[in-house]
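Participant: Sharing model-v8.cif below, mmCIF, C-alpha atoms:
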data_start
#
loop_
_atom_site.group_PDB
_atom_site.id
_atom_site.type_symbol
_atom_site.label_atom_id
_atom_site.label_comp_id
_atom_site.auth_asym_id
_atom_site.auth_seq_id
_atom_site.Cartn_x
_atom_site.Cartn_y
_atom_site.Cartn_z
ATOM 1 C CA MET C 1 187.153 87.582 285.218
ATOM 2 C CA ARG C 2 190.724 86.920 284.132
ATOM 3 C CA GLY C 3 191.851 86.852 287.795
ATOM 4 C CA ASP C 4 189.347 84.073 288.530
ATOM 5 C CA GLU C 5 190.681 82.028 285.605
ATOM 6 C CA VAL C 6 194.233 82.152 286.977
ATOM 7 C CA GLN C 7 192.973 81.269 290.430
ATOM 8 C CA VAL C 8 191.035 78.219 289.202
ATOM 9 C CA SER C 9 193.898 76.959 287.043
ATOM 10 C CA ASP C 10 196.432 77.461 289.847
ATOM 11 C CA ARG C 11 194.190 75.630 292.298
ATOM 12 C CA LEU C 12 193.641 72.881 289.762
ATOM 13 C CA ILE C 13 197.362 72.266 289.319
ATOM 14 C CA ALA C 14 197.908 72.083 293.077
ATOM 15 C CA PHE C 15 194.916 69.750 293.487
ATOM 16 C CA LEU C 16 195.861 67.219 290.775
ATOM 17 C CA PRO C 17 197.411 64.605 293.145
ATOM 18 C CA ASN C 18 194.236 64.492 295.279
ATOM 19 C CA LEU C 19 192.038 64.332 292.203
ATOM 20 C CA ARG C 20 194.086 61.507 290.692
ATOM 21 C CA ARG C 21 194.078 59.538 293.953
ATOM 22 C CA PHE C 22 190.282 59.807 294.154
ATOM 23 C CA ALA C 23 189.934 58.810 290.492
ATOM 24 C CA ILE C 24 192.135 55.731 290.984
ATOM 25 C CA SER C 25 190.120 54.711 294.015
ATOM 26 C CA LEU C 26 186.870 55.007 292.070
ATOM 27 C CA CYS C 27 187.840 53.160 288.919
ATOM 28 C CA ARG C 28 190.840 51.075 290.094
ATOM 29 C CA SER C 29 192.650 51.682 286.814
ATOM 30 C CA ARG C 30 195.491 54.170 286.553
ATOM 31 C CA ASP C 31 194.986 54.718 282.834
ATOM 32 C CA LEU C 32 191.270 55.317 283.192
ATOM 33 C CA ALA C 33 191.919 57.504 286.248
ATOM 34 C CA ASP C 34 194.267 59.675 284.210
ATOM 35 C CA ASP C 35 191.606 60.004 281.506
ATOM 36 C CA LEU C 36 188.984 60.949 284.095
ATOM 37 C CA VAL C 37 191.281 63.523 285.694
ATOM 38 C CA GLN C 38 192.035 65.041 282.306
ATOM 39 C CA ALA C 39 188.338 65.233 281.460
ATOM 40 C CA ALA C 40 187.583 66.724 284.888
ATOM 41 C CA CYS C 41 190.258 69.366 284.366
ATOM 42 C CA GLU C 42 188.904 70.192 280.919
ATOM 43 C CA ARG C 43 185.377 70.462 282.281
ATOM 44 C CA ALA C 44 186.507 72.609 285.235
ATOM 45 C CA LEU C 45 188.439 75.002 283.008
ATOM 46 C CA ALA C 46 185.590 75.229 280.522
ATOM 47 C CA SER C 47 183.081 75.981 283.261
ATOM 48 C CA GLN C 48 185.267 77.932 285.659
ATOM 49 C CA ASP C 49 182.778 80.785 285.589
ATOM 50 C CA ARG C 50 180.403 78.452 287.481
ATOM 51 C CA PHE C 51 182.820 78.079 290.382
ATOM 52 C CA GLU C 52 181.748 80.368 293.179
ATOM 53 C CA PRO C 53 184.672 82.029 294.984
ATOM 54 C CA GLY C 54 184.538 81.352 298.686
ATOM 55 C CA THR C 55 183.249 77.777 298.236
ATOM 56 C CA ARG C 56 185.249 74.560 298.539
ATOM 57 C CA PHE C 57 187.290 74.037 295.382
ATOM 58 C CA ASP C 58 188.043 70.410 296.295
ATOM 59 C CA ALA C 59 184.351 69.583 296.711
ATOM 60 C CA TRP C 60 183.614 71.175 293.333
ATOM 61 C CA MET C 61 186.344 69.130 291.637
ATOM 62 C CA PHE C 62 185.386 65.873 293.389
ATOM 63 C CA ARG C 63 181.797 66.348 292.226
ATOM 64 C CA ILE C 64 182.915 66.958 288.609
ATOM 65 C CA LEU C 65 185.117 63.855 288.711
ATOM 66 C CA ARG C 66 182.423 61.702 290.313
ATOM 67 C CA ASN C 67 179.867 62.789 287.718
ATOM 68 C CA LEU C 68 182.305 61.870 284.929
ATOM 69 C CA TRP C 69 182.853 58.479 286.589
ATOM 70 C CA ILE C 70 179.092 57.856 286.779
ATOM 71 C CA ASP C 71 178.772 58.765 283.084
ATOM 72 C CA HIS C 72 181.635 56.378 282.263
ATOM 73 C CA VAL C 73 180.046 53.506 284.223
ATOM 74 C CA ARG C 74 176.771 54.018 282.401
ATOM 75 C CA ARG C 75 178.555 53.961 279.036
ATOM 76 C CA ALA C 76 180.660 50.941 280.036
ATOM 77 C CA LYS C 77 177.563 48.838 280.645
ATOM 78 C CA THR C 78 176.987 48.813 276.902
ATOM 79 C CA THR C 79 180.644 48.500 275.828
ATOM 80 C CA GLY C 80 181.826 45.505 277.883
ATOM 81 C CA PRO C 81 184.308 44.651 280.645
ATOM 82 C CA GLN C 82 187.267 46.730 281.805
ATOM 83 C CA GLN C 83 190.747 45.666 282.814
ATOM 84 C CA ASP C 84 191.381 45.614 286.569
ATOM 85 C CA ILE C 85 194.325 47.532 288.026
ATOM 86 C CA ASP C 86 195.533 44.375 289.791
ATOM 87 C CA ASP C 87 195.933 42.637 286.411
ATOM 88 C CA THR C 88 198.573 45.125 285.262
ATOM 89 C CA PRO C 89 201.014 45.867 288.068
ATOM 90 C CA ASP C 90 203.325 48.627 286.930
ATOM 91 C CA ILE C 91 205.018 49.355 290.240
ATOM 92 C CA THR C 92 208.336 47.728 290.888
ATOM 93 C CA GLY C 93 209.770 47.748 294.361
ATOM 94 C CA SER C 94 212.881 46.607 296.095
ATOM 95 C CA SER C 95 212.894 43.105 297.428
ATOM 96 C CA GLY C 96 212.793 42.501 301.124
ATOM 97 C CA GLU C 97 210.627 41.096 303.842
ATOM 98 C CA ARG C 98 209.348 44.476 304.976
ATOM 99 C CA ASP C 99 208.373 45.532 301.465
ATOM 100 C CA ALA C 100 206.654 42.197 300.836
ATOM 101 C CA GLU C 101 204.636 42.481 304.055
ATOM 102 C CA ALA C 102 203.659 46.046 303.205
ATOM 103 C CA ARG C 103 202.495 44.995 299.742
ATOM 104 C CA LEU C 104 200.483 42.084 301.145
ATOM 105 C CA THR C 105 198.841 44.318 303.718
ATOM 106 C CA LEU C 106 198.088 46.963 301.130
ATOM 107 C CA LYS C 107 196.671 44.371 298.751
ATOM 108 C CA SER C 108 194.419 42.892 301.419
ATOM 109 C CA VAL C 109 193.120 46.328 302.392
ATOM 110 C CA ALA C 110 192.636 47.268 298.732
ATOM 111 C CA LEU C 111 190.709 44.025 298.144
ATOM 112 C CA ALA C 112 188.575 44.675 301.204
ATOM 113 C CA ILE C 113 187.832 48.219 300.029
ATOM 114 C CA ASP C 114 187.177 46.907 296.529
ATOM 115 C CA GLN C 115 184.549 44.511 297.893
ATOM 116 C CA LEU C 116 182.614 47.276 299.609
ATOM 117 C CA PRO C 117 179.401 48.388 297.943
ATOM 118 C CA ASP C 118 179.910 51.528 295.817
ATOM 119 C CA ASP C 119 177.984 53.783 298.176
ATOM 120 C CA GLN C 120 180.074 52.704 301.184
ATOM 121 C CA ARG C 121 183.358 52.892 299.258
ATOM 122 C CA GLU C 122 182.645 56.436 298.041
ATOM 123 C CA VAL C 123 181.871 57.695 301.546
ATOM 124 C CA LEU C 124 184.887 55.905 303.040
ATOM 125 C CA LEU C 125 187.250 57.408 300.479
ATOM 126 C CA LEU C 126 185.892 60.930 300.749
ATOM 127 C CA VAL C 127 185.904 61.003 304.557
ATOM 128 C CA CYS C 128 188.890 58.812 305.457
ATOM 129 C CA VAL C 129 191.230 59.308 302.502
ATOM 130 C CA GLU C 130 190.376 62.785 301.277
ATOM 131 C CA ASP C 131 189.718 64.005 304.841
ATOM 132 C CA LEU C 132 186.420 65.713 304.032
ATOM 133 C CA SER C 133 183.892 66.397 306.761
ATOM 134 C CA TYR C 134 180.628 64.469 306.855
ATOM 135 C CA LYS C 135 178.838 67.597 305.680
ATOM 136 C CA GLU C 136 181.192 68.074 302.707
ATOM 137 C CA ALA C 137 180.886 64.407 301.715
ATOM 138 C CA ALA C 138 177.101 64.682 302.000
ATOM 139 C CA GLU C 139 177.101 67.704 299.685
ATOM 140 C CA ILE C 140 179.335 66.010 297.107
ATOM 141 C CA LEU C 141 177.206 62.853 297.095
ATOM 142 C CA SER C 142 173.897 64.747 297.407
ATOM 143 C CA ILE C 143 172.786 62.712 300.423
ATOM 144 C CA PRO C 144 171.903 63.583 304.040
ATOM 145 C CA ILE C 145 174.679 63.677 306.667
ATOM 146 C CA GLY C 146 172.992 60.831 308.550
ATOM 147 C CA THR C 147 173.300 58.663 305.452
ATOM 148 C CA VAL C 148 177.017 59.515 305.232
ATOM 149 C CA MET C 149 177.497 58.473 308.857
ATOM 150 C CA SER C 150 175.509 55.266 308.374
ATOM 151 C CA ARG C 151 177.385 54.275 305.208
ATOM 152 C CA LEU C 152 180.730 55.092 306.814
ATOM 153 C CA SER C 153 179.886 52.998 309.867
ATOM 154 C CA ARG C 154 178.881 50.058 307.688
ATOM 155 C CA ALA C 155 182.003 50.472 305.542
ATOM 156 C CA ARG C 156 184.269 50.453 308.610
ATOM 157 C CA LYS C 157 182.526 47.390 310.041
ATOM 158 C CA ASN C 158 182.754 45.552 306.710
ATOM 159 C CA LEU C 159 186.462 46.418 306.412
ATOM 160 C CA ALA C 160 187.125 45.212 309.961
ATOM 161 C CA ASP C 161 185.301 41.958 309.239
ATOM 162 C CA ALA C 162 187.186 41.463 305.960
ATOM 163 C CA ALA C 163 190.517 42.141 307.687
ATOM 164 C CA GLY C 164 189.678 39.763 310.531
ATOM 165 C CA ILE C 165 189.465 42.495 313.140
ATOM 166 C CA ASN C 166 186.410 41.615 315.168
ATOM 167 C CA SER C 167 185.233 43.934 317.888
ATOM 168 C CA ARG C 168 184.971 42.422 321.322
ATOM 169 C CA THR C 169 181.477 42.064 322.662
ATOM 170 C CA ASP C 170 182.608 42.468 326.282
ATOM 171 C CA ARG C 171 184.054 45.971 326.054
ATOM 172 C CA SER C 172 182.658 47.163 329.367
ATOM 173 C CA PRO C 173 183.024 45.243 332.615
ATOM 174 C CA GLU C 174 180.076 43.412 334.055
ATOM 175 C CA LYS C 175 177.964 45.165 336.630
ATOM 176 C CA GLY C 176 179.127 44.547 340.168
ATOM 177 C CA GLY C 177 182.801 43.956 339.451
ATOM 178 C CA ASN C 178 185.593 43.420 336.962
ATOM 179 C CA LYS C 179 186.600 40.166 335.328
#
Let me see the file written as structure tokens.

Facilitator:
Amino acid sequence: MRGDEVQVSDRLIAFLPNLRRFAISLCRSRDLADDLVQAACERALASQDRFEPGTRFDAWMFRILRNLWIDHVRRAKTTGPQQDIDDTPDITGSSGERDAEARLTLKSVALAIDQLPDDQREVLLLVCVEDLSYKEAAEILSIPIGTVMSRLSRARKNLADAAGINSRTDRSPEKGGNK
């Protein structure tokens, strides 16, 4: 059993950046994300005997973190509002046109993602950011694969609309000739 403990803790250390990125994307607060990651790590270490070797460690950790986030949201409904990550910028960058454009683009994408419904945002982040398969995302969220695909499609369409990228309706040439 001691070998499994080392394996889980070693995997946990290597997986911290991914876990933190997912936590930030869920709660949009670096401080709260750090608290969630710490709680997820504590819970994983305390229940490492429940981790089944040969299964996806990242899926197990994402599920623990997501469950902690859901618990936090439920508690927050009775405690009041939270501070948004955009209200406390703690990243300083060099000045320059390129950096400014990159920040504006990133902010617009972040706002568009932020405006997505929770179910679409979760699927988008798991599949597109964390690079999980549809099946893995479906297992983490406890939903059918078809629902993952549907939510992801809607999330992508909503992001494209928010970013002003409208798909052309005349993608294929008319029958009988080209335009």

Participant: Name the residues that the PyMOL selection byres ((chain C and resi 155) around 7) pulls out of this structure, and write them as a list in words.

Facilitator: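 So the PyMOL selection byres ((chain C and resi 155) around 7), applied here, picks out Leu116, Gln120, Arg121, Leu124, Arg151, Leu152, Ser153, Arg154, Arg156, Lys157, Asn158 and Leu159 of chain C.
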
Participant: Where does the PyMOL selection byres ((chain C and resi 145-149) around 12) land in this file, that is, which residues does it pick, as a count of residues only?

Facilitator: 30

Participant: With distances taken over all atoms listed in the file, which of C:Gln115, C:Ser9, C:Asn18, C:Thr79 is nearest to Val129 (chain C)?

Facilitator: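 Of C:Gln115, C:Ser9, C:Asn18, C:Thr79, the one nearest Val129 (chain C) is C:Asn18, counting all atoms listed in the file.
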
Participant: Select, from C:Arg66, C:Lys107, C:Arg75, C:Arg50, the residue with the minimum atom-to-atom distance to Ala33 (chain C), counting all atoms listed in the file.

Facilitator: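 For Ala33 (chain C), the nearest of the given residues is C:Arg66.
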
Participant: Show me, as a ChimeraX atom specification, the residues that have an atom within 10 Å of Ala44 (chain C) when counting all atoms listed in the file, minus same-chain residues fewer than 2 positions from it.

Facilitator: /C:8-9,12,38-42,46-51,60-61,64-65

Participant: Can you pull out the residues contacting Ile24 (chain C)? Cut-off 12 Å, using only C-alpha atoms, and skip same-chain residues under 2 positions away; I want them as a count of residues only.

Facilitator: 28

Participant: Of the candidates C:Leu104, C:Ala162, C:Ala23, C:Ala14, which one gets nearest to Phe62 (chain C) if we count only C-alpha atoms?

Facilitator: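 Selected residue with least distance to Phe62 (chain C): C:Ala23.
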
Participant: Could you work out how far CA of Ser108 (chain C) lies from CA of Val73 (chain C), giving the answer in Å with one decimal?

Facilitator: 24.8 Å

Participant: Could you jot down the CA of Ala160 (chain C) to CA of Val109 (chain C) separation for me, Å, one decimal place?

Facilitator: 9.7 Å

Participant: Quick one: distance from CA of Leu45 (chain C) to CA of Ala76 (chain C) in Å, one decimal?

Facilitator: 25.5 Å

Participant: Starting from the incomplete input, reconstruct N, CA, C and O atoms of region 121-143 of chain C and write that as an mmCIF file, keeping the file's coordinate frame.

Facilitator:
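Output below, filename out26.cif:
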data_model
loop_
_atom_site.group_PDB
_atom_site.id
_atom_site.type_symbol
_atom_site.label_atom_id
_atom_site.label_comp_id
_atom_site.auth_asym_id
_atom_site.auth_seq_id
_atom_site.Cartn_x
_atom_site.Cartn_y
_atom_site.Cartn_z
ATOM 1 N N ARG C 121 181.989 52.591 299.680
ATOM 2 C CA ARG C 121 183.358 52.892 299.258
ATOM 3 C C ARG C 121 183.525 54.378 298.989
ATOM 4 O O ARG C 121 184.513 54.991 299.401
ATOM 5 N N GLU C 122 182.557 55.004 298.329
ATOM 6 C CA GLU C 122 182.645 56.436 298.041
ATOM 7 C C GLU C 122 182.728 57.257 299.315
ATOM 8 O O GLU C 122 183.565 58.152 299.439
ATOM 9 N N VAL C 123 181.871 56.949 300.289
ATOM 10 C CA VAL C 123 181.871 57.695 301.546
ATOM 11 C C VAL C 123 183.183 57.469 302.292
ATOM 12 O O VAL C 123 183.800 58.407 302.796
ATOM 13 N N LEU C 124 183.639 56.222 302.348
ATOM 14 C CA LEU C 124 184.887 55.905 303.040
ATOM 15 C C LEU C 124 186.058 56.677 302.441
ATOM 16 O O LEU C 124 186.874 57.259 303.166
ATOM 17 N N LEU C 125 186.142 56.728 301.134
ATOM 18 C CA LEU C 125 187.250 57.408 300.479
ATOM 19 C C LEU C 125 187.192 58.916 300.679
ATOM 20 O O LEU C 125 188.210 59.561 300.926
ATOM 21 N N LEU C 126 186.016 59.477 300.576
ATOM 22 C CA LEU C 126 185.892 60.930 300.749
ATOM 23 C C LEU C 126 186.206 61.354 302.182
ATOM 24 O O LEU C 126 186.909 62.343 302.399
ATOM 25 N N VAL C 127 185.723 60.608 303.163
ATOM 26 C CA VAL C 127 185.904 61.003 304.557
ATOM 27 C C VAL C 127 187.271 60.580 305.089
ATOM 28 O O VAL C 127 187.978 61.383 305.703
ATOM 29 N N CYS C 128 187.661 59.337 304.849
ATOM 30 C CA CYS C 128 188.890 58.812 305.457
ATOM 31 C C CYS C 128 190.153 59.084 304.638
ATOM 32 O O CYS C 128 191.217 59.274 305.204
ATOM 33 N N VAL C 129 190.047 59.088 303.332
ATOM 34 C CA VAL C 129 191.230 59.308 302.502
ATOM 35 C C VAL C 129 191.387 60.779 302.145
ATOM 36 O O VAL C 129 192.452 61.364 302.306
ATOM 37 N N GLU C 130 190.308 61.385 301.692
ATOM 38 C CA GLU C 130 190.376 62.785 301.277
ATOM 39 C C GLU C 130 190.156 63.750 302.437
ATOM 40 O O GLU C 130 190.265 64.958 302.276
ATOM 41 N N ASP C 131 189.838 63.222 303.610
ATOM 42 C CA ASP C 131 189.718 64.005 304.841
ATOM 43 C C ASP C 131 188.646 65.095 304.760
ATOM 44 O O ASP C 131 188.828 66.185 305.278
ATOM 45 N N LEU C 132 187.537 64.775 304.088
ATOM 46 C CA LEU C 132 186.420 65.713 304.032
ATOM 47 C C LEU C 132 185.525 65.492 305.246
ATOM 48 O O LEU C 132 185.471 64.391 305.799
ATOM 49 N N SER C 133 184.833 66.529 305.654
ATOM 50 C CA SER C 133 183.892 66.397 306.761
ATOM 51 C C SER C 133 182.666 65.629 306.276
ATOM 52 O O SER C 133 182.437 65.478 305.067
ATOM 53 N N TYR C 134 181.855 65.171 307.222
ATOM 54 C CA TYR C 134 180.628 64.469 306.855
ATOM 55 C C TYR C 134 179.744 65.385 306.012
ATOM 56 O O TYR C 134 179.138 64.954 305.036
ATOM 57 N N LYS C 135 179.681 66.641 306.399
ATOM 58 C CA LYS C 135 178.838 67.597 305.680
ATOM 59 C C LYS C 135 179.318 67.764 304.238
ATOM 60 O O LYS C 135 178.513 67.774 303.300
ATOM 61 N N GLU C 136 180.642 67.900 304.057
ATOM 62 C CA GLU C 136 181.192 68.074 302.707
ATOM 63 C C GLU C 136 180.943 66.832 301.856
ATOM 64 O O GLU C 136 180.585 66.928 300.681
ATOM 65 N N ALA C 137 181.144 65.649 302.449
ATOM 66 C CA ALA C 137 180.886 64.407 301.715
ATOM 67 C C ALA C 137 179.406 64.309 301.343
ATOM 68 O O ALA C 137 179.067 63.896 300.230
ATOM 69 N N ALA C 138 178.542 64.719 302.276
ATOM 70 C CA ALA C 138 177.101 64.682 302.000
ATOM 71 C C ALA C 138 176.744 65.599 300.838
ATOM 72 O O ALA C 138 175.926 65.242 299.980
ATOM 73 N N GLU C 139 177.377 66.767 300.779
ATOM 74 C CA GLU C 139 177.101 67.704 299.685
ATOM 75 C C GLU C 139 177.588 67.150 298.352
ATOM 76 O O GLU C 139 176.905 67.256 297.341
ATOM 77 N N ILE C 140 178.781 66.558 298.346
ATOM 78 C CA ILE C 140 179.335 66.010 297.107
ATOM 79 C C ILE C 140 178.457 64.872 296.578
ATOM 80 O O ILE C 140 178.186 64.781 295.387
ATOM 81 N N LEU C 141 177.995 64.012 297.496
ATOM 82 C CA LEU C 141 177.206 62.853 297.095
ATOM 83 C C LEU C 141 175.707 63.137 297.013
ATOM 84 O O LEU C 141 174.935 62.265 296.630
ATOM 85 N N SER C 142 175.310 64.340 297.413
ATOM 86 C CA SER C 142 173.897 64.747 297.407
ATOM 87 C C SER C 142 173.035 63.816 298.257
ATOM 88 O O SER C 142 171.986 63.331 297.812
ATOM 89 N N ILE C 143 173.516 63.552 299.483
ATOM 90 C CA ILE C 143 172.786 62.712 300.423
ATOM 91 C C ILE C 143 172.798 63.388 301.786
ATOM 92 O O ILE C 143 173.642 64.250 302.037
#
